[in-house]
Amino acid sequence: MENYVPMHECRVHKISIIVNRTHAILHSIAILFLIHYRLSFFFQHPPNITIPTLPWLLIFVSELLLCLAWLLTQFYRWRPVYRTVFPERLPADDKLPAIDVFICTADPNKEPSVEVMNTVISAMALDYPPEKLHVYVSDDAGSDATLRCTKEAWNFARYWVPFCRKYGLVTACPDVYFSSSEDSFKGSSEFKAERKKMEEKYEILKQRIRRIVQENHTDVPVNNKLDHSSIIEVINEYHKEKDEVKIPILVYVSREKRPSHHHNFKAGALNVLLRVSAMISNSPYILVLDCDMHCNDPTSARQAMCYHCDPQTSQSIAFVQFPQTFRNISEDDIYDSQLRFVFKIQWHGFDGAGGPTISGTNFYIKREALLGSFSKQQDLMALKRSFGPSNDFIKTLVEDYKPCFIKDGESSRMLLEHANVLASCSYEDQTTWGTKVGFLYFCVLEDYFTGFTLHRKGSKSVYLYPKRPQFLGISSTNFNETSIQWTRWVSGLTSVTISRFCPLICGPLKMSLVHLMCYLEVACMPLLCCLSVWGFALIPQLCLFNGIPLYPKISDSNFNIFSIIFISAISKSLYDIVTTGDQFRVWKNEWRIWMVRSVTCYTYGSLDAILNKLGIKEASFLPTNKVTDDEQFKLYEMGIFDFRAATMFLAPLVVVILVNFAAFVGAVFKALVVDDNGDRYWEKMFGQMFLSFYILVSNYVIIEGMIIRKDKASIPLSATLWSVVFSVFILLIGSAILC
């Protein structure tokens with residue numbers, strides 16, 4: 001190790017640490033004063049108590065929940081780190097480990113085939129030795145159209161991959177490359193001519209894919225997406241001509257599905273790919289990609305290998321996580337589709353605590369971390385009880401096993417039959433797949449649960465955030481789809497929170513306390529936010545409506561406590577916006593969408609998890625619709641909310657606005673008209689009036705959608721009328737109970 005040269009570097013951002021820790025201490029002191037103020041109410045002499053106990057208790061509980069949520073966020077702010085890699089220090093290509101790329105698609109109707117095939121082509125164009133790169137497409141729908149499109153993609157890749165390598169293109173995705181002006185006015189005449197030919201080939205590819213998809217819509221489906229046999233095809237073997245430049249092999253995999261067997265969502269598909277790929281390539285490292293997340297920079301594999309190949313970190317690192325970045329994000333990003341806070345702030349702190357969890361896509365994971373390491377002396381029957389009855393698969397678990405699946409372009413028919421057995425829906429019966437080995441099945445968020453389990457066992461992970469996005473995807477850009485997506489995520493996280501796998505109960509074996517708290521924050525945050533925000537959105541307003549003060553008078557020194565906490569929270573969030581290079585409007589939109597999600601997605605997702613836990617409702621998974629509607633996307637780019645969403649998402653928003661509006665207008669009316677001593681009323685009720693006013697101003701777009709806008713993307717009159725009924729009910733019943 002005397003000549004050891006590190007392949008990576010980790011920097012601790014000292015200024016952020018000082019600011020974060022100083023703010024945490026000062027904010028905590030203010031919170032302690034708030035708790036003292038609230039508790040002192042319960043120790044007053046009964047004749048001095050003029051405020052009902054129940055609303056005081058409820059708002060105190062809401063404040064405690066929000067304080068707990070804030071406290072948990074401080075753990076990933078404790079030590080944010082930033083990493084740099086040096087790919088030029090990697091060993092020679094012939095010494096690099098092999099990589100399998102897993103691309104998962106589930107519904108060709110919701111995931112545009114052109115986008116999916118761009119992901120496939122970009123993965124094949126990674127800057128990595130082609131003989132050590134193997135791309136697998138998992139088609140959970142068993143669609144004949146996806147299989148045919150995959151073959152078309154491979155035919156195009158035969159020309160695209162050599163073109164990328166010949167001219168050193170830095171954009172591996174053809175759709176992104178040809179839609180930009182990159183290199184279009186540069187280079188020699190030979191390059192320009194080849195570029196033009198390549199662009200023509202790409203246009204032909206898109207036409208063929210769209211024709212295949214169109215035929216699939218009009219024809220009777222060959223397979224039922226929930227009931228079909230397994231299909232495995234090595235695309236390369238059907239091509240008999242010898243290519244001048246070698247390209248990675250491409251394998252299409254569709255696992256067997258039957259209504260009588262639970263298919264375990266994405267985690268089940270990934271575990272099938274683990275088994276099938278072991279028979280074909282058995283690469284020690286795996287890149288997992290969502291079907292719409294294409295490789296933007298071909299160097300991501302080499303960057304990840306700077307950790308997996310470094311002798312000082314290779315044994316401890318289970319996976320390298322890259323951020324999710326999107327190419328259809330507007331400047332306003334009114335729905336926070338880019339997940340700015342997660343990938344620009346939270347994951348850096350997660351990394352400093354011990355490593356981020358798996359984020360669903362864009363991660364290079366070690367196969368051994370998922371399956372374990374075994375020697376030839378291992379008990380065969382014990383392995384079969386864990387991994388299933390296939391002797392051929394058991395062989396792949398032994399160190400240095402090199403499958404001879406493909407020879408001279410021809411796949412082994414016998415091993416292909418074995419691979420189909422491994423993709424059958426009954427193969428995992430009576431095994432530990434999904435419970436102890438592979439990607440875990442406990443909830444629809446297999447990434448969070450699998451990452452948590454790996455870290456509990458002592459594995460580490462790292463978070464790489466290069467200046468140039470390594471992966472670019474398509475994000476949901478309408479309110480309905482983002483709400484459905486977040487509801488699904490929250491359901492998975494809450495199901496972990498209320499289970500025996502809750503980080504507070506389940507950990508830690510080999511995790512630090514700070515790392516454990518980071519996991520707890522991710523799992524508990526939606527539930528804590530929905531409960532606290534509902535409390536702040538209704539309790540003070542009902543009391544304001546009935547003239548009951550819950551906050552100190554302006555002249556009372558205790559009022560400063562609430563002012564300091566509010567200003568402190570706003571200031572810190574603005575500081576985070578500045579340090580990440582974003583603008584004020586991003587801060588405004590994030591605050592609004594946080595409130596919106598708390599009363600909709602967080603609420604419904606948490607309720608869904610609770611009902612599932614009680615056995616009243618079964619867990620479900622709906623793929624996010626990635627088909628872009630031009631009209632909806634135009635509204636998104638203009639920063640206009642599209643309220644064409646399910647009433648279940650609109651009603652809570654309108655109810656909150658109506659209750660706050662009624663309380664605020666009623667209070668102003670009392671202060672100006674009814675109350676003889678208006679100044680004293682203002683002073684007594686200012687805190688609640690300000691809270692209602694702040695909620696109304698922050699969510700002006702909802703008021704605009706209800707009253708001002710008349711376009712078809714505004715809030716439907718029916719949703720508003722139903723919400724009026726609910727609001728009146730809440731005001732009447734709430735007033736009777738609380739007051």
# chains A, B, ... in the order shown; residues from 1 in each chain; ligands from 1
>>> residues_around(residues="Gln430 in chain A", least_positions_apart="5", cutoff="12 Å", atoms="only C-alpha atoms", output="list in words")
Lys384, Arg385, Ser386, Phe387, Gly388, Pro389 and Thr435 of chain A
>>> select_by_dssp(residues="range 520-566 of chain A", states="alpha helix (DSSP H)", output="PyMOL selection string")
chain A and resi 520-545+559-566
>>> write_last_selection(atoms="N, CA, C and O atoms", output="short mmCIF file (atom, residue, chain, number, x, y, z; two decimals), in the first residue's frame")
data_model
loop_
_atom_site.label_atom_id
_atom_site.label_comp_id
_atom_site.auth_asym_id
_atom_site.auth_seq_id
_atom_site.Cartn_x
_atom_site.Cartn_y
_atom_site.Cartn_z
N LEU A 520 -34.79 7.43 10.20
CA LEU A 520 -36.05 7.66 10.90
C LEU A 520 -36.75 8.91 10.37
O LEU A 520 -37.98 8.93 10.21
N GLU A 521 -35.96 9.94 10.06
CA GLU A 521 -36.54 11.17 9.52
C GLU A 521 -37.23 10.92 8.19
O GLU A 521 -38.36 11.39 7.96
N VAL A 522 -36.58 10.17 7.31
CA VAL A 522 -37.17 9.88 6.00
C VAL A 522 -38.48 9.11 6.16
O VAL A 522 -39.47 9.40 5.48
N ALA A 523 -38.50 8.15 7.08
CA ALA A 523 -39.69 7.31 7.26
C ALA A 523 -40.83 8.05 7.95
O ALA A 523 -42.00 7.90 7.56
N CYS A 524 -40.52 8.87 8.96
CA CYS A 524 -41.56 9.47 9.80
C CYS A 524 -42.04 10.83 9.31
O CYS A 524 -43.12 11.28 9.71
N MET A 525 -41.24 11.51 8.50
CA MET A 525 -41.55 12.89 8.13
C MET A 525 -42.96 13.07 7.55
O MET A 525 -43.69 13.98 7.98
N PRO A 526 -43.42 12.26 6.61
CA PRO A 526 -44.77 12.48 6.06
C PRO A 526 -45.87 12.39 7.12
O PRO A 526 -46.78 13.23 7.14
N LEU A 527 -45.79 11.40 8.00
CA LEU A 527 -46.81 11.24 9.04
C LEU A 527 -46.78 12.42 10.01
O LEU A 527 -47.84 12.95 10.39
N LEU A 528 -45.59 12.83 10.43
CA LEU A 528 -45.47 13.96 11.35
C LEU A 528 -45.99 15.24 10.71
O LEU A 528 -46.69 16.03 11.36
N CYS A 529 -45.67 15.44 9.44
CA CYS A 529 -46.09 16.67 8.75
C CYS A 529 -47.59 16.73 8.55
O CYS A 529 -48.22 17.78 8.77
N CYS A 530 -48.20 15.62 8.14
CA CYS A 530 -49.64 15.67 7.86
C CYS A 530 -50.43 15.92 9.15
O CYS A 530 -51.38 16.70 9.16
N LEU A 531 -50.01 15.31 10.26
CA LEU A 531 -50.72 15.52 11.53
C LEU A 531 -50.55 16.95 12.03
O LEU A 531 -51.52 17.59 12.46
N SER A 532 -49.32 17.46 11.97
CA SER A 532 -49.07 18.80 12.49
C SER A 532 -49.69 19.88 11.61
O SER A 532 -50.29 20.84 12.11
N VAL A 533 -49.59 19.75 10.30
CA VAL A 533 -50.12 20.77 9.41
C VAL A 533 -51.65 20.83 9.48
O VAL A 533 -52.24 21.92 9.46
N TRP A 534 -52.30 19.68 9.59
CA TRP A 534 -53.75 19.70 9.77
C TRP A 534 -54.13 20.42 11.05
O TRP A 534 -55.12 21.15 11.11
N GLY A 535 -53.31 20.22 12.10
CA GLY A 535 -53.57 20.94 13.36
C GLY A 535 -53.43 22.43 13.19
O GLY A 535 -54.31 23.21 13.62
N PHE A 536 -52.36 22.88 12.51
CA PHE A 536 -52.15 24.31 12.30
C PHE A 536 -53.16 24.90 11.32
O PHE A 536 -53.44 26.10 11.38
N ALA A 537 -53.69 24.09 10.44
CA ALA A 537 -54.62 24.59 9.42
C ALA A 537 -56.04 24.74 9.93
O ALA A 537 -56.83 25.50 9.34
N LEU A 538 -56.38 24.04 11.03
CA LEU A 538 -57.77 24.06 11.50
C LEU A 538 -57.96 24.54 12.93
O LEU A 538 -58.87 25.34 13.20
N ILE A 539 -57.14 24.10 13.88
CA ILE A 539 -57.38 24.40 15.30
C ILE A 539 -57.33 25.90 15.60
O ILE A 539 -58.28 26.46 16.16
N PRO A 540 -56.24 26.62 15.24
CA PRO A 540 -56.23 28.06 15.53
C PRO A 540 -57.36 28.81 14.82
O PRO A 540 -57.89 29.79 15.35
N GLN A 541 -57.75 28.33 13.64
CA GLN A 541 -58.79 29.00 12.87
C GLN A 541 -60.17 28.81 13.52
O GLN A 541 -60.97 29.76 13.57
N LEU A 542 -60.44 27.63 14.01
CA LEU A 542 -61.71 27.40 14.70
C LEU A 542 -61.79 28.25 15.96
O LEU A 542 -62.86 28.78 16.30
N CYS A 543 -60.67 28.36 16.67
CA CYS A 543 -60.65 29.20 17.87
C CYS A 543 -60.76 30.68 17.50
O CYS A 543 -61.41 31.47 18.20
N LEU A 544 -60.12 31.08 16.40
CA LEU A 544 -60.24 32.46 15.92
C LEU A 544 -61.68 32.76 15.56
O LEU A 544 -62.20 33.85 15.85
N PHE A 545 -62.35 31.83 14.93
CA PHE A 545 -63.74 31.97 14.54
C PHE A 545 -64.64 32.19 15.75
O PHE A 545 -65.69 32.85 15.67
N PHE A 559 -44.80 36.46 23.12
CA PHE A 559 -45.07 36.51 21.68
C PHE A 559 -43.77 36.46 20.89
O PHE A 559 -43.74 35.96 19.75
N ASN A 560 -42.69 36.95 21.49
CA ASN A 560 -41.39 36.93 20.82
C ASN A 560 -40.91 35.50 20.53
O ASN A 560 -40.17 35.27 19.57
N ILE A 561 -41.32 34.56 21.38
CA ILE A 561 -40.93 33.16 21.18
C ILE A 561 -41.41 32.67 19.82
O ILE A 561 -40.65 32.11 19.01
N PHE A 562 -42.69 32.89 19.53
CA PHE A 562 -43.28 32.42 18.28
C PHE A 562 -42.73 33.20 17.08
O PHE A 562 -42.51 32.63 16.01
N SER A 563 -42.48 34.50 17.30
CA SER A 563 -41.90 35.31 16.21
C SER A 563 -40.51 34.81 15.85
O SER A 563 -40.16 34.68 14.67
N ILE A 564 -39.69 34.52 16.87
CA ILE A 564 -38.32 34.07 16.64
C ILE A 564 -38.31 32.72 15.92
O ILE A 564 -37.53 32.51 14.98
N ILE A 565 -39.18 31.79 16.35
CA ILE A 565 -39.23 30.47 15.71
C ILE A 565 -39.64 30.59 14.24
O ILE A 565 -39.04 29.96 13.35
N PHE A 566 -40.63 31.43 13.98
CA PHE A 566 -41.10 31.61 12.60
C PHE A 566 -40.01 32.23 11.73
O PHE A 566 -39.71 31.73 10.64
#
>>> closest_residue(among="A:Tyr128, A:Tyr700, A:Tyr427, A:Phe42", to="Pro298 in chain A", atoms="only C-alpha atoms")
A:Tyr128
>>> closest_residue(among="A:Thr600, A:Gln485, A:Asn118, A:Thr53", to="Lys206 in chain A", atoms="only C-alpha atoms")
A:Asn118
>>> residues_around(residues="Ala667 in chain A", least_positions_apart="3", cutoff="10 Å", atoms="only C-alpha atoms", output="PDB file with N, CA and C atoms, in the first residue's frame")
ATOM      1  N   GLN A 541     -57.747  28.334  13.638  1.00  0.00           N
ATOM      2  CA  GLN A 541     -58.788  29.002  12.873  1.00  0.00           C
ATOM      3  C   GLN A 541     -60.166  28.814  13.518  1.00  0.00           C
ATOM      4  N   LEU A 544     -60.119  31.078  16.397  1.00  0.00           N
ATOM      5  CA  LEU A 544     -60.241  32.457  15.922  1.00  0.00           C
ATOM      6  C   LEU A 544     -61.684  32.762  15.556  1.00  0.00           C
ATOM      7  N   PHE A 545     -62.346  31.828  14.933  1.00  0.00           N
ATOM      8  CA  PHE A 545     -63.744  31.968  14.536  1.00  0.00           C
ATOM      9  C   PHE A 545     -64.642  32.188  15.749  1.00  0.00           C
ATOM     10  N   ASN A 546     -64.210  31.639  16.896  1.00  0.00           N
ATOM     11  CA  ASN A 546     -65.008  31.737  18.121  1.00  0.00           C
ATOM     12  C   ASN A 546     -64.400  32.686  19.156  1.00  0.00           C
ATOM     13  N   GLY A 547     -63.360  33.431  18.751  1.00  0.00           N
ATOM     14  CA  GLY A 547     -62.788  34.433  19.634  1.00  0.00           C
ATOM     15  C   GLY A 547     -61.959  33.879  20.777  1.00  0.00           C
ATOM     16  N   PHE A 661     -60.281  31.318   5.392  1.00  0.00           N
ATOM     17  CA  PHE A 661     -60.900  32.551   4.898  1.00  0.00           C
ATOM     18  C   PHE A 661     -62.043  32.976   5.812  1.00  0.00           C
ATOM     19  N   ALA A 662     -62.888  32.038   6.191  1.00  0.00           N
ATOM     20  CA  ALA A 662     -64.012  32.348   7.073  1.00  0.00           C
ATOM     21  C   ALA A 662     -63.515  32.868   8.424  1.00  0.00           C
ATOM     22  N   ALA A 663     -62.475  32.211   8.972  1.00  0.00           N
ATOM     23  CA  ALA A 663     -61.948  32.627  10.271  1.00  0.00           C
ATOM     24  C   ALA A 663     -61.319  34.019  10.189  1.00  0.00           C
ATOM     25  N   PHE A 664     -60.560  34.273   9.123  1.00  0.00           N
ATOM     26  CA  PHE A 664     -59.877  35.561   8.988  1.00  0.00           C
ATOM     27  C   PHE A 664     -60.879  36.697   8.761  1.00  0.00           C
ATOM     28  N   LYS A 670     -65.141  41.298  13.332  1.00  0.00           N
ATOM     29  CA  LYS A 670     -65.300  41.523  14.780  1.00  0.00           C
ATOM     30  C   LYS A 670     -64.453  42.687  15.251  1.00  0.00           C
ATOM     31  N   ALA A 671     -63.221  42.767  14.756  1.00  0.00           N
ATOM     32  CA  ALA A 671     -62.316  43.817  15.205  1.00  0.00           C
ATOM     33  C   ALA A 671     -62.758  45.200  14.737  1.00  0.00           C
ATOM     34  N   LEU A 672     -63.328  45.281  13.518  1.00  0.00           N
ATOM     35  CA  LEU A 672     -63.673  46.576  12.945  1.00  0.00           C
ATOM     36  C   LEU A 672     -65.100  47.013  13.227  1.00  0.00           C
ATOM     37  N   VAL A 673     -66.011  46.058  13.362  1.00  0.00           N
ATOM     38  CA  VAL A 673     -67.429  46.405  13.432  1.00  0.00           C
ATOM     39  C   VAL A 673     -68.057  46.054  14.774  1.00  0.00           C
ATOM     40  N   VAL A 674     -67.866  44.825  15.215  1.00  0.00           N
ATOM     41  CA  VAL A 674     -68.609  44.327  16.377  1.00  0.00           C
ATOM     42  C   VAL A 674     -67.971  44.749  17.688  1.00  0.00           C
ATOM     43  N   ASP A 675     -66.676  44.523  17.827  1.00  0.00           N
ATOM     44  CA  ASP A 675     -65.989  44.746  19.100  1.00  0.00           C
ATOM     45  C   ASP A 675     -65.799  46.243  19.346  1.00  0.00           C
ATOM     46  N   TYR A 681     -58.783  43.554  20.656  1.00  0.00           N
ATOM     47  CA  TYR A 681     -59.073  42.312  19.928  1.00  0.00           C
ATOM     48  C   TYR A 681     -57.940  41.985  18.960  1.00  0.00           C
ATOM     49  N   TRP A 682     -57.462  43.001  18.232  1.00  0.00           N
ATOM     50  CA  TRP A 682     -56.336  42.798  17.322  1.00  0.00           C
ATOM     51  C   TRP A 682     -55.123  42.272  18.076  1.00  0.00           C
ATOM     52  N   MET A 685     -55.751  38.566  19.239  1.00  0.00           N
ATOM     53  CA  MET A 685     -55.933  37.533  18.209  1.00  0.00           C
ATOM     54  C   MET A 685     -54.956  37.662  17.039  1.00  0.00           C
ATOM     55  N   PHE A 686     -53.968  38.534  17.159  1.00  0.00           N
ATOM     56  CA  PHE A 686     -53.080  38.789  16.026  1.00  0.00           C
ATOM     57  C   PHE A 686     -52.369  37.520  15.554  1.00  0.00           C
ATOM     58  N   GLN A 688     -53.225  34.339  15.562  1.00  0.00           N
ATOM     59  CA  GLN A 688     -54.080  33.461  14.755  1.00  0.00           C
ATOM     60  C   GLN A 688     -54.495  34.128  13.448  1.00  0.00           C
ATOM     61  N   MET A 689     -54.710  35.444  13.499  1.00  0.00           N
ATOM     62  CA  MET A 689     -55.061  36.154  12.268  1.00  0.00           C
ATOM     63  C   MET A 689     -53.892  36.127  11.289  1.00  0.00           C
TER      64      MET A 689
END
>>> closest_residue(among="A:Asp127, A:Glu256, A:Glu9, A:Asp608", to="Asp297 in chain A", atoms="only C-alpha atoms")
A:Asp127
>>> select_by_dssp(residues="range 292-538 of chain A", states="strand (DSSP E)", output="PyMOL selection string")
chain A and resi 294-295+317-321+325-326+363-366+406-407+410-411+460-463+471-473
>>> residues_around(residues="Cys309 in chain A", least_positions_apart="5", cutoff="10 Å", atoms="only C-alpha atoms", output="PyMOL selection string")
chain A and resi 7+90-91+95-97+302+304+314-315+317
>>> residues_around(residues="Arg77 in chain A", least_positions_apart="3", cutoff="10 Å", atoms="only C-alpha atoms", output="MDAnalysis selection string")
chainID A and resid 16:17 19:21 24 72:74 80:81 345:350 352:353 518
>>> atom_distance(atom1="CA of Phe265 in chain A", atom2="CA of Val444 in chain A")
6.8 Å
>>> atom_distance(atom1="CA of Ile103 in chain A", atom2="CA of Asn224 in chain A")
20.8 Å
>>> closest_residue(among="A:Cys443, A:Leu287, A:Leu39, A:Ala713", to="Lys366 in chain A", atoms="only C-alpha atoms")
A:Leu287
>>> residues_around(residues="range 587-596 of chain A", least_positions_apart="2", cutoff="6 Å", atoms="only C-alpha atoms", output="compact mmCIF listing (two decimals) with N, CA, C and O atoms, in the first residue's frame")
# COMPACT_ATOMS: atom_id res chain seq x y z
N ILE A 334 -43.26 24.51 -10.09
CA ILE A 334 -44.32 24.75 -9.10
C ILE A 334 -44.69 23.52 -8.29
O ILE A 334 -45.24 23.65 -7.19
N PHE A 584 -35.52 32.95 -5.20
CA PHE A 584 -36.54 33.15 -4.17
C PHE A 584 -37.84 32.43 -4.53
O PHE A 584 -38.50 31.87 -3.65
N ARG A 585 -38.20 32.43 -5.79
CA ARG A 585 -39.46 31.81 -6.18
C ARG A 585 -39.45 30.30 -5.93
O ARG A 585 -40.50 29.70 -5.72
N SER A 598 -48.86 18.04 2.49
CA SER A 598 -49.14 17.61 3.87
C SER A 598 -50.61 17.29 4.08
O SER A 598 -50.94 16.34 4.79
N VAL A 599 -51.51 18.06 3.45
CA VAL A 599 -52.94 17.82 3.65
C VAL A 599 -53.53 16.90 2.58
O VAL A 599 -54.71 16.55 2.65
N SER A 698 -49.94 32.36 1.00
CA SER A 698 -49.04 31.33 0.47
C SER A 698 -49.73 30.44 -0.54
O SER A 698 -49.08 29.93 -1.47
>>> closest_residue(among="A:Leu509, A:Ala106, A:Ile394, A:Leu607", to="Asp140 in chain A", atoms="only C-alpha atoms")
A:Ala106
>>> residues_around(residues="Pro469 in chain A", least_positions_apart="6", cutoff="9 Å", atoms="only C-alpha atoms", output="ChimeraX atom specification")
/A:295-297,322-326
>>> closest_residue(among="A:Met414, A:Val170, A:Leu614, A:Met511", to="Ile498 in chain A", atoms="only C-alpha atoms")
A:Leu614
